[in-house]
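Engineer: Below is my_file_22.txt; it holds compact mmCIF, C-alpha atoms.
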# COMPACT_ATOMS: atom_id res chain seq x y z
CA MET V 8 -29.56 18.19 -43.03
CA ARG V 9 -30.64 16.32 -46.16
CA HIS V 10 -34.05 15.52 -47.63
CA TYR V 11 -34.88 12.67 -49.99
CA LEU V 12 -37.57 13.95 -52.34
CA GLN V 13 -36.31 12.65 -55.70
CA PHE V 14 -33.89 9.95 -56.73
CA LYS V 15 -31.52 12.60 -58.09
CA ASP V 16 -31.10 14.07 -54.60
CA PHE V 17 -28.23 11.61 -53.99
CA ARG V 18 -25.03 10.88 -55.92
CA ALA V 19 -23.90 7.50 -57.25
CA GLU V 20 -21.40 7.00 -54.42
CA GLU V 21 -24.13 7.66 -51.85
CA TYR V 22 -26.28 4.97 -53.46
CA ALA V 23 -23.38 2.54 -53.31
CA HIS V 24 -23.20 3.23 -49.56
CA LEU V 25 -26.96 2.81 -49.13
CA PHE V 26 -26.94 -0.53 -50.95
CA GLU V 27 -24.10 -1.78 -48.73
CA ARG V 28 -25.92 -0.66 -45.60
CA ALA V 29 -29.20 -2.21 -46.77
CA ALA V 30 -27.43 -5.53 -47.31
CA SER V 31 -25.84 -5.37 -43.85
CA ILE V 32 -29.09 -4.36 -42.14
CA LYS V 33 -31.00 -7.11 -43.94
CA ARG V 34 -28.43 -9.74 -42.86
CA ARG V 35 -28.88 -8.66 -39.24
CA PHE V 36 -32.66 -8.90 -39.64
CA LYS V 37 -32.47 -12.41 -41.11
CA ASN V 38 -30.11 -13.51 -38.35
CA TYR V 39 -32.35 -12.06 -35.61
CA GLU V 40 -29.56 -9.72 -34.53
CA ARG V 41 -30.68 -6.71 -32.53
CA TYR V 42 -29.65 -3.46 -34.26
CA GLN V 43 -31.23 -0.28 -32.95
CA PRO V 44 -29.17 2.79 -33.89
CA LEU V 45 -32.30 4.98 -34.02
CA ALA V 46 -33.32 4.47 -30.38
CA ASP V 47 -35.21 7.51 -29.06
CA ARG V 48 -35.77 8.80 -32.61
CA THR V 49 -39.32 9.38 -33.88
CA LEU V 50 -40.63 9.08 -37.42
CA ALA V 51 -43.80 10.94 -38.43
CA MET V 52 -45.64 9.31 -41.34
CA ILE V 53 -48.11 11.57 -43.14
CA PHE V 54 -50.51 9.95 -45.59
CA GLU V 55 -52.68 11.84 -48.04
CA LYS V 56 -52.59 8.71 -50.22
CA ALA V 57 -53.31 5.45 -48.45
CA SER V 58 -50.83 2.59 -48.70
CA THR V 59 -50.13 -0.91 -47.41
CA ARG V 60 -46.47 -1.42 -48.29
CA THR V 61 -45.33 2.13 -47.53
CA ARG V 62 -46.90 2.15 -44.07
CA VAL V 63 -45.82 -1.35 -43.05
CA SER V 64 -42.27 -1.01 -44.41
CA PHE V 65 -41.60 2.36 -42.73
CA GLU V 66 -43.39 1.56 -39.48
CA ALA V 67 -41.91 -1.91 -39.00
CA GLY V 68 -38.50 -0.68 -40.13
CA MET V 69 -38.42 2.22 -37.68
CA TYR V 70 -39.46 -0.01 -34.76
CA GLN V 71 -36.80 -2.56 -35.72
CA MET V 72 -34.20 0.22 -35.67
CA GLY V 73 -35.26 1.13 -32.12
CA GLY V 74 -37.33 4.21 -32.90
CA SER V 75 -41.00 5.08 -32.60
CA VAL V 76 -43.63 6.12 -35.12
CA VAL V 77 -46.45 8.66 -35.32
CA HIS V 78 -49.02 7.89 -38.03
CA LEU V 79 -51.03 10.80 -39.44
CA THR V 80 -53.59 11.13 -42.22
CA THR V 81 -55.20 14.28 -43.55
CA GLY V 82 -58.40 13.12 -41.85
CA ASP V 83 -56.92 13.24 -38.35
CA SER V 84 -54.61 16.24 -38.67
CA GLN V 85 -54.90 19.93 -39.42
CA MET V 86 -53.37 19.32 -42.86
CA GLY V 87 -56.82 18.09 -43.86
CA ARG V 88 -58.47 21.21 -42.46
CA ALA V 89 -56.79 23.84 -44.63
CA GLU V 90 -53.82 24.56 -42.36
CA PRO V 91 -50.99 25.76 -44.60
CA ILE V 92 -48.46 23.03 -45.31
CA GLU V 93 -45.72 25.39 -44.23
CA ASP V 94 -47.27 25.76 -40.76
CA SER V 95 -47.74 22.00 -40.38
CA ALA V 96 -44.09 21.48 -41.30
CA ARG V 97 -42.89 24.03 -38.74
CA VAL V 98 -44.89 22.35 -35.96
CA ILE V 99 -44.42 18.67 -36.77
CA SER V 100 -40.69 18.99 -37.40
CA ARG V 101 -40.20 20.44 -33.88
CA MET V 102 -41.62 17.27 -32.34
CA VAL V 103 -40.10 14.43 -34.38
CA ASP V 104 -36.72 13.54 -35.88
CA ILE V 105 -37.68 12.57 -39.43
CA VAL V 106 -40.81 12.77 -41.62
CA MET V 107 -42.14 10.57 -44.42
CA ILE V 108 -44.92 11.97 -46.62
CA ARG V 109 -47.06 10.16 -49.19
CA THR V 110 -49.11 12.72 -51.09
CA PHE V 111 -50.35 13.92 -54.47
CA GLU V 112 -48.61 16.93 -56.07
CA HIS V 113 -44.84 16.94 -55.62
CA THR V 114 -44.93 20.66 -54.81
CA LYS V 115 -46.64 19.79 -51.52
CA ILE V 116 -43.71 17.77 -50.24
CA GLU V 117 -41.27 20.41 -51.50
CA ARG V 118 -43.13 23.09 -49.53
CA PHE V 119 -43.14 20.90 -46.42
CA ALA V 120 -39.41 20.18 -46.72
CA ALA V 121 -38.58 23.85 -47.23
CA ASN V 122 -40.06 24.59 -43.80
CA SER V 123 -38.95 21.45 -41.94
CA ARG V 124 -36.21 21.33 -39.31
CA VAL V 125 -35.72 17.58 -39.88
CA PRO V 126 -35.15 15.32 -42.93
CA VAL V 127 -38.17 14.65 -45.14
CA ILE V 128 -38.59 11.48 -47.23
CA ASN V 129 -40.84 11.14 -50.26
CA GLY V 130 -43.03 8.06 -49.71
CA LEU V 131 -44.68 8.75 -53.09
CA THR V 132 -45.96 11.73 -55.06
CA ASN V 133 -47.72 11.95 -58.40
CA GLU V 134 -44.37 12.67 -60.04
CA PHE V 135 -41.81 10.50 -58.19
CA HIS V 136 -41.44 7.32 -56.13
CA PRO V 137 -37.74 7.19 -55.13
CA CYS V 138 -38.04 4.68 -52.25
CA GLN V 139 -39.58 2.09 -54.56
CA ILE V 140 -36.83 2.42 -57.17
CA LEU V 141 -34.25 2.26 -54.39
CA ALA V 142 -35.76 -1.09 -53.38
CA ASP V 143 -35.96 -2.29 -56.98
CA LEU V 144 -32.31 -1.53 -57.65
CA PHE V 145 -31.20 -3.15 -54.42
CA THR V 146 -33.20 -6.25 -55.35
CA PHE V 147 -31.49 -6.41 -58.75
CA ILE V 148 -28.07 -6.04 -57.10
CA GLU V 149 -28.96 -8.69 -54.53
CA VAL V 150 -29.73 -11.17 -57.32
CA ARG V 151 -27.14 -10.15 -59.91
CA GLY V 152 -24.40 -8.22 -58.12
CA MET V 153 -23.67 -9.76 -54.73
CA ASN V 154 -20.99 -12.35 -54.12
CA GLN V 155 -21.18 -15.34 -51.78
CA ARG V 156 -19.74 -13.30 -48.92
CA GLY V 157 -22.56 -10.78 -49.28
CA ILE V 158 -20.40 -8.02 -50.72
CA VAL V 159 -22.45 -5.61 -52.82
CA ASP V 160 -21.31 -4.61 -56.30
CA ALA V 161 -23.39 -1.58 -57.23
CA GLY V 162 -21.34 -1.38 -60.42
CA CYS V 163 -23.30 -4.34 -61.76
CA LEU V 164 -25.98 -1.84 -62.81
CA LYS V 165 -23.77 -0.13 -65.37
CA GLY V 166 -24.66 -0.96 -68.94
CA ARG V 167 -27.81 -2.87 -67.97
CA VAL V 168 -31.14 -2.45 -69.78
CA VAL V 169 -34.40 -1.96 -67.91
CA ALA V 170 -37.62 -2.24 -69.92
CA TRP V 171 -40.45 -0.06 -68.64
CA VAL V 172 -43.78 -1.19 -70.07
CA GLY V 173 -46.88 0.85 -69.28
CA ASP V 174 -47.77 4.31 -68.01
CA GLY V 175 -45.31 7.21 -68.12
CA ASN V 176 -45.96 7.80 -64.44
CA ASN V 177 -44.01 8.53 -61.24
CA MET V 178 -42.28 5.16 -61.42
CA ALA V 179 -41.13 5.77 -65.00
CA ASN V 180 -39.87 9.24 -64.08
CA THR V 181 -37.85 7.83 -61.20
CA TRP V 182 -36.40 5.02 -63.33
CA LEU V 183 -35.08 7.66 -65.72
CA GLN V 184 -33.41 9.58 -62.90
CA ALA V 185 -31.84 6.38 -61.61
CA ALA V 186 -30.54 5.48 -65.07
CA GLU V 187 -28.93 8.89 -65.49
CA ILE V 188 -27.15 8.65 -62.13
CA LEU V 189 -26.15 4.97 -62.11
CA GLY V 190 -25.26 4.39 -65.75
CA PHE V 191 -27.89 2.03 -67.14
CA THR V 192 -30.49 2.48 -69.90
CA VAL V 193 -34.28 2.43 -69.69
CA HIS V 194 -36.29 1.19 -72.65
CA VAL V 195 -39.63 2.98 -72.35
CA SER V 196 -42.83 1.89 -74.08
CA THR V 197 -46.12 3.61 -73.29
CA PRO V 198 -49.44 3.93 -75.15
CA SER V 199 -50.00 7.09 -77.13
CA GLY V 200 -51.09 9.88 -74.81
CA TYR V 201 -49.35 8.39 -71.78
CA GLU V 202 -45.74 9.14 -72.70
CA ILE V 203 -42.99 10.15 -70.28
CA ASP V 204 -42.13 13.84 -69.97
CA PRO V 205 -38.34 14.29 -69.66
CA VAL V 206 -38.90 17.81 -68.28
CA VAL V 207 -41.06 16.49 -65.41
CA ALA V 208 -38.60 13.67 -64.85
CA GLY V 209 -35.77 16.21 -64.65
CA ILE V 210 -33.52 14.37 -67.10
CA LYS V 211 -30.59 16.19 -68.69
CA ASN V 212 -28.99 13.25 -70.52
CA SER V 213 -31.29 11.80 -73.16
CA ASP V 214 -28.85 8.90 -73.69
CA CYS V 215 -30.10 7.22 -70.51
CA TYR V 216 -33.37 6.13 -72.14
CA LYS V 217 -34.85 5.03 -75.46
CA VAL V 218 -38.50 5.18 -76.47
CA PHE V 219 -40.25 2.32 -78.29
CA LYS V 220 -43.75 2.35 -79.76
CA ASN V 221 -43.95 -1.44 -79.52
CA PRO V 222 -43.56 -2.82 -75.98
CA ARG V 223 -42.08 -6.04 -77.37
CA ASP V 224 -39.22 -4.06 -78.90
CA ALA V 225 -38.62 -2.40 -75.53
CA CYS V 226 -38.28 -5.80 -73.86
CA ARG V 227 -35.82 -7.18 -76.39
CA ASP V 228 -32.53 -8.14 -74.65
CA ALA V 229 -33.54 -6.41 -71.42
CA ASP V 230 -31.99 -7.44 -68.09
CA LEU V 231 -35.12 -6.40 -66.20
CA VAL V 232 -38.75 -5.97 -67.27
CA THR V 233 -40.95 -3.91 -64.99
CA THR V 234 -44.40 -2.37 -65.01
CA ASP V 235 -47.10 -0.81 -62.84
CA VAL V 236 -50.88 -0.72 -62.68
CA TRP V 237 -52.59 0.93 -65.64
CA THR V 238 -54.55 3.29 -63.39
CA SER V 239 -52.61 4.91 -60.56
CA MET V 240 -54.25 6.27 -57.42
CA GLY V 241 -56.02 9.53 -58.18
CA PHE V 242 -56.81 8.60 -61.78
CA GLU V 243 -59.65 6.14 -61.12
CA ALA V 244 -62.09 8.12 -63.30
CA GLU V 245 -59.95 7.18 -66.31
CA ASN V 246 -60.01 3.46 -65.57
CA GLU V 247 -62.10 2.25 -68.52
CA THR V 248 -60.31 4.53 -71.00
CA ARG V 249 -56.96 3.29 -69.77
CA ARG V 250 -57.94 -0.38 -70.00
CA SER V 251 -58.62 0.12 -73.68
CA ALA V 252 -55.48 2.18 -74.35
CA PHE V 253 -53.15 -0.18 -72.46
CA ALA V 254 -54.46 -3.51 -73.79
CA ASP V 255 -51.27 -4.21 -75.78
CA TRP V 256 -49.01 -3.26 -72.85
CA ARG V 257 -49.71 -6.35 -70.76
CA VAL V 258 -46.46 -8.08 -69.77
CA ASP V 259 -46.86 -11.75 -70.68
CA SER V 260 -44.58 -14.72 -71.26
CA ALA V 261 -44.09 -13.75 -74.92
CA MET V 262 -42.69 -10.37 -73.88
CA MET V 263 -40.46 -11.94 -71.24
CA ALA V 264 -39.15 -14.41 -73.85
CA LEU V 265 -37.77 -11.44 -75.81
CA ALA V 266 -35.72 -10.28 -72.83
CA LYS V 267 -32.48 -11.97 -71.82
CA PRO V 268 -32.90 -15.58 -70.63
CA ASP V 269 -32.03 -14.59 -67.08
CA ALA V 270 -34.07 -11.37 -67.09
CA LEU V 271 -35.97 -10.49 -63.93
CA PHE V 272 -39.53 -9.23 -63.62
CA MET V 273 -40.56 -6.56 -61.10
CA HIS V 274 -43.78 -4.84 -60.12
CA CYS V 275 -44.16 -2.29 -57.32
CA LEU V 276 -47.59 -3.74 -56.32
CA PRO V 277 -50.49 -3.94 -55.89
CA ALA V 278 -50.85 -5.94 -59.10
CA HIS V 279 -53.90 -6.68 -61.21
CA ARG V 280 -53.27 -10.07 -62.77
CA GLY V 281 -54.65 -10.18 -66.28
CA GLU V 282 -54.29 -6.42 -66.77
CA GLU V 283 -50.74 -5.04 -66.69
CA VAL V 284 -49.20 -8.48 -66.12
CA THR V 285 -50.29 -12.08 -66.53
CA ALA V 286 -50.35 -14.46 -63.58
CA GLU V 287 -47.79 -16.75 -65.23
CA VAL V 288 -45.25 -13.89 -65.24
CA ILE V 289 -45.77 -12.34 -61.82
CA ASP V 290 -46.00 -15.77 -60.18
CA GLY V 291 -43.32 -17.30 -62.41
CA PRO V 292 -39.63 -18.09 -61.84
CA GLN V 293 -38.34 -14.78 -63.23
CA SER V 294 -40.44 -12.71 -60.84
CA VAL V 295 -38.76 -11.18 -57.80
CA VAL V 296 -41.72 -9.06 -56.69
CA TRP V 297 -41.88 -10.50 -53.17
CA ASP V 298 -38.18 -9.88 -52.51
CA GLU V 299 -38.69 -6.44 -54.02
CA ALA V 300 -41.59 -5.74 -51.63
CA GLU V 301 -39.64 -6.87 -48.56
CA ASN V 302 -36.63 -4.83 -49.61
CA ARG V 303 -38.62 -1.62 -49.31
CA MET V 304 -38.22 -2.05 -45.56
CA HIS V 305 -34.49 -2.74 -45.63
CA VAL V 306 -33.49 0.08 -47.99
CA GLN V 307 -35.69 2.52 -46.08
CA LYS V 308 -33.99 1.53 -42.83
CA ALA V 309 -30.65 2.26 -44.50
CA LEU V 310 -32.03 5.56 -45.81
CA MET V 311 -33.29 6.70 -42.41
CA GLU V 312 -30.00 5.68 -40.81
CA TYR V 313 -28.10 7.73 -43.39
CA LEU V 314 -30.30 10.83 -43.10
CA LEU V 315 -30.16 10.80 -39.30
CA LEU V 316 -26.69 9.48 -38.53
CA GLY V 317 -24.64 9.95 -41.69
CA ARG V 318 -22.26 7.29 -42.98
CA ILE V 319 -21.87 4.19 -40.83
CA GLY V 320 -19.42 1.40 -41.54
So that I can check it, write out the structure of this file as structure tokens.

Structural biologist:
Amino acid sequence: MRHYLQFKDFRAEEYAHLFERAASIKRRFKNYERYQPLADRTLAMIFEKASTRTRVSFEAGMYQMGGSVVHLTTGDSQMGRAEPIEDSARVISRMVDIVMIRTFEHTKIERFAANSRVPVINGLTNEFHPCQILADLFTFIEVRGMNQRGIVDAGCLKGRVVAWVGDGNNMANTWLQAAEILGFTVHVSTPSGYEIDPVVAGIKNSDCYKVFKNPRDACRDADLVTTDVWTSMGFEAENETRRSAFADWRVDSAMMALAKPDALFMHCLPAHRGEEVTAEVIDGPQSVVWDEAENRMHVQKALMEYLLLGRIG
């Protein structure tokens, strides 16, 4: 049994397999081909943090794969009434086949997984967001590393440069893990006081990222420019302070012009146009945010297939 709690939980060759499966599963979806390898399997989704994309992508994806879904929040389960996480894990994992949790502290999902009889997937924690980066990387490969026959070349990520502009948050941490495993470099630029923490990110190889004080320098010659909201869920009290601190970290057309001419723009959404990104960028020709959002569903279907059935194809 495997869990997927951080990006570094899988090896490079496993990601190559997942990207191939995601491409195959997506082709079937677009061609209206029935593919239900997870018939009679049940996914439990546990939300301490609300979400649109995480819920829709996992729920729709599991139904498309032939399975069923149980949706729980802390308001309608004992997890919101002080039942120990360990006890909830022991009970829930006896009744379902796989669990997705979207919560706050990463230690919560680790405690749940340690007492679960079934695979556990991290739908987001304060420290990591591996499913989103999985979708982002697949989207990049789909645009830059897939031939006309639909054959995936995960090797197209090697040597690439990803510019991260904004908060040193769970997305930034996960980008660093991905860079270390898959052989690309992340250019990180954050305001003072919001830097990344390599210890939290769990990075051993400092060569996988470079830090820039000026976000424009981080974007220079990048293959991909990506960002996130200035104020993540749970930090709303800091909103006004963050708006002031992040004012120079807005991705605009001038920043994108410093990246490579064919550079892509990504955002995990929801986006605040005029804050972390201008409308002309997120709605412009270099933006792939809508493909990126859809691909959450396809990569998560491949992930659930892999965790439940092992390698297919």

Engineer: In the coordinate frame of the file, compute which residues have an atom within 12 Å of (-38.4, 0.5, -49.7) when using all atoms listed in the file, and state them as a PyMOL selection string.

Structural biologist: chain V and resi 25-26+29+60-68+107+128-131+136-146+275+298-311

Engineer: Would you compute the distance between atom CA of V:Pro198 and atom CA of V:Leu271? Give it in Å to one decimal.

Structural biologist: 22.7 Å

Engineer: Go ahead and compute the interatomic distance for atom CA of V:Ile210 and atom CA of V:Gly152, in Å to one decimal.

Structural biologist: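 Straight-line distance from atom CA of V:Ile210 to atom CA of V:Gly152 works out to 26.0 Å.
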
Engineer: Taking 5 positions as the minimum chain separation for residues in the same chain, which residues sit within 6 Å of V:Ser100 when counting all atoms listed in the file? Answer as number ranges by chain.

Structural biologist: V: 123-125

Engineer: Report, in Å to a single decimal, how far apart atom CA of V:Lys165 and atom CA of V:Ala270 are.

Structural biologist: 15.3 Å

Engineer: Restricting the calculation to only C-alpha atoms: of V:Glu40, V:Glu245, V:Glu282, V:Glu287, which residue gets closest to V:Ser260?

Structural biologist: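 So, comparing all the options, the nearest one is V:Glu287.
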
Engineer: Excluding same-chain residues fewer than 6 positions from V:Glu93, what lies within 9 Å of it counting all atoms listed in the file, as an mmCIF file with C-alpha atoms, in the frame of the given file?

Structural biologist:
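Dumped everything to part13.cif:
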data_model
loop_
_atom_site.group_PDB
_atom_site.id
_atom_site.type_symbol
_atom_site.label_atom_id
_atom_site.label_comp_id
_atom_site.auth_asym_id
_atom_site.auth_seq_id
_atom_site.Cartn_x
_atom_site.Cartn_y
_atom_site.Cartn_z
ATOM 1 C CA ARG V 118 -43.130 23.090 -49.530
ATOM 2 C CA PHE V 119 -43.140 20.900 -46.420
ATOM 3 C CA ALA V 120 -39.410 20.180 -46.720
ATOM 4 C CA ALA V 121 -38.580 23.850 -47.230
ATOM 5 C CA ASN V 122 -40.060 24.590 -43.800
ATOM 6 C CA SER V 123 -38.950 21.450 -41.940
#

Engineer: Using all atoms listed in the file, collect all residues at a distance of at most 12 Å from (-26.3, 6.4, -65.8) as written in the file, then present them as a VMD selection string.

Structural biologist: chain V and resid 15 18 to 19 162 to 169 182 to 193 210 to 216

Engineer: Restricting the calculation to all atoms listed in the file, which member of V:Glu247, V:Glu202, V:Glu117, V:Asp104 is positioned closest to V:Phe219?

Structural biologist: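 Closest to V:Phe219 of all the choices is V:Glu202.
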
Engineer: Using all atoms listed in the file, find the one residue out of V:Lys220, V:Arg156, V:Lys56, V:Arg257 that sits nearest to V:Arg34.

Structural biologist: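 Counting all atoms listed in the file, the residue closest to V:Arg34 is V:Arg156.
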
Engineer: Which residue out of V:Met178, V:Val159, V:Ala264, V:Ala244 has the minimum interatomic distance to V:Ser31 when only C-alpha atoms are used?

Structural biologist: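 Once distances to V:Ser31 are computed over only C-alpha atoms, the minimum belongs to V:Val159.
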
Engineer: Excluding V:Thr49 and its own-chain neighbours fewer than 4 positions away, which residues fall within 8 Å of it when counting all atoms listed in the file? Please give them as a list in words.

Structural biologist: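 My reading of the contact set: Gly74, Ser75, Val76, Val77, Val103, Asp104 and Ile105 of chain V.
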
Engineer: Let me make sure I understand: among V:Val106, V:Leu276, V:Ala51, V:Met8, which one has the smallest atom-to-atom distance to V:Gly317 if we use only C-alpha atoms?

Structural biologist: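 Comparing V:Val106, V:Leu276, V:Ala51, V:Met8 against V:Gly317, the winner is V:Met8.
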
Engineer: Using all atoms listed in the file, which protein or nucleic acid residues come within 12 Å of V:Ser196? Drop anything in the same chain fewer than 5 positions from it, and give the result as a ChimeraX atom specification.

Structural biologist: /V:169-176,179,201-203,216-227,232-234,253,255-258

Engineer: Deliver the residues from the most recent selection as a file, using C-alpha atoms, as a short mmCIF file (atom, residue, chain, number, x, y, z; two decimals), in the frame of the given file.

Structural biologist:
data_model
loop_
_atom_site.label_atom_id
_atom_site.label_comp_id
_atom_site.auth_asym_id
_atom_site.auth_seq_id
_atom_site.Cartn_x
_atom_site.Cartn_y
_atom_site.Cartn_z
CA VAL V 169 -34.40 -1.96 -67.91
CA ALA V 170 -37.62 -2.24 -69.92
CA TRP V 171 -40.45 -0.06 -68.64
CA VAL V 172 -43.78 -1.19 -70.07
CA GLY V 173 -46.88 0.85 -69.28
CA ASP V 174 -47.77 4.31 -68.01
CA GLY V 175 -45.31 7.21 -68.12
CA ASN V 176 -45.96 7.80 -64.44
CA ALA V 179 -41.13 5.77 -65.00
CA TYR V 201 -49.35 8.39 -71.78
CA GLU V 202 -45.74 9.14 -72.70
CA ILE V 203 -42.99 10.15 -70.28
CA TYR V 216 -33.37 6.13 -72.14
CA LYS V 217 -34.85 5.03 -75.46
CA VAL V 218 -38.50 5.18 -76.47
CA PHE V 219 -40.25 2.32 -78.29
CA LYS V 220 -43.75 2.35 -79.76
CA ASN V 221 -43.95 -1.44 -79.52
CA PRO V 222 -43.56 -2.82 -75.98
CA ARG V 223 -42.08 -6.04 -77.37
CA ASP V 224 -39.22 -4.06 -78.90
CA ALA V 225 -38.62 -2.40 -75.53
CA CYS V 226 -38.28 -5.80 -73.86
CA ARG V 227 -35.82 -7.18 -76.39
CA VAL V 232 -38.75 -5.97 -67.27
CA THR V 233 -40.95 -3.91 -64.99
CA THR V 234 -44.40 -2.37 -65.01
CA PHE V 253 -53.15 -0.18 -72.46
CA ASP V 255 -51.27 -4.21 -75.78
CA TRP V 256 -49.01 -3.26 -72.85
CA ARG V 257 -49.71 -6.35 -70.76
CA VAL V 258 -46.46 -8.08 -69.77
#
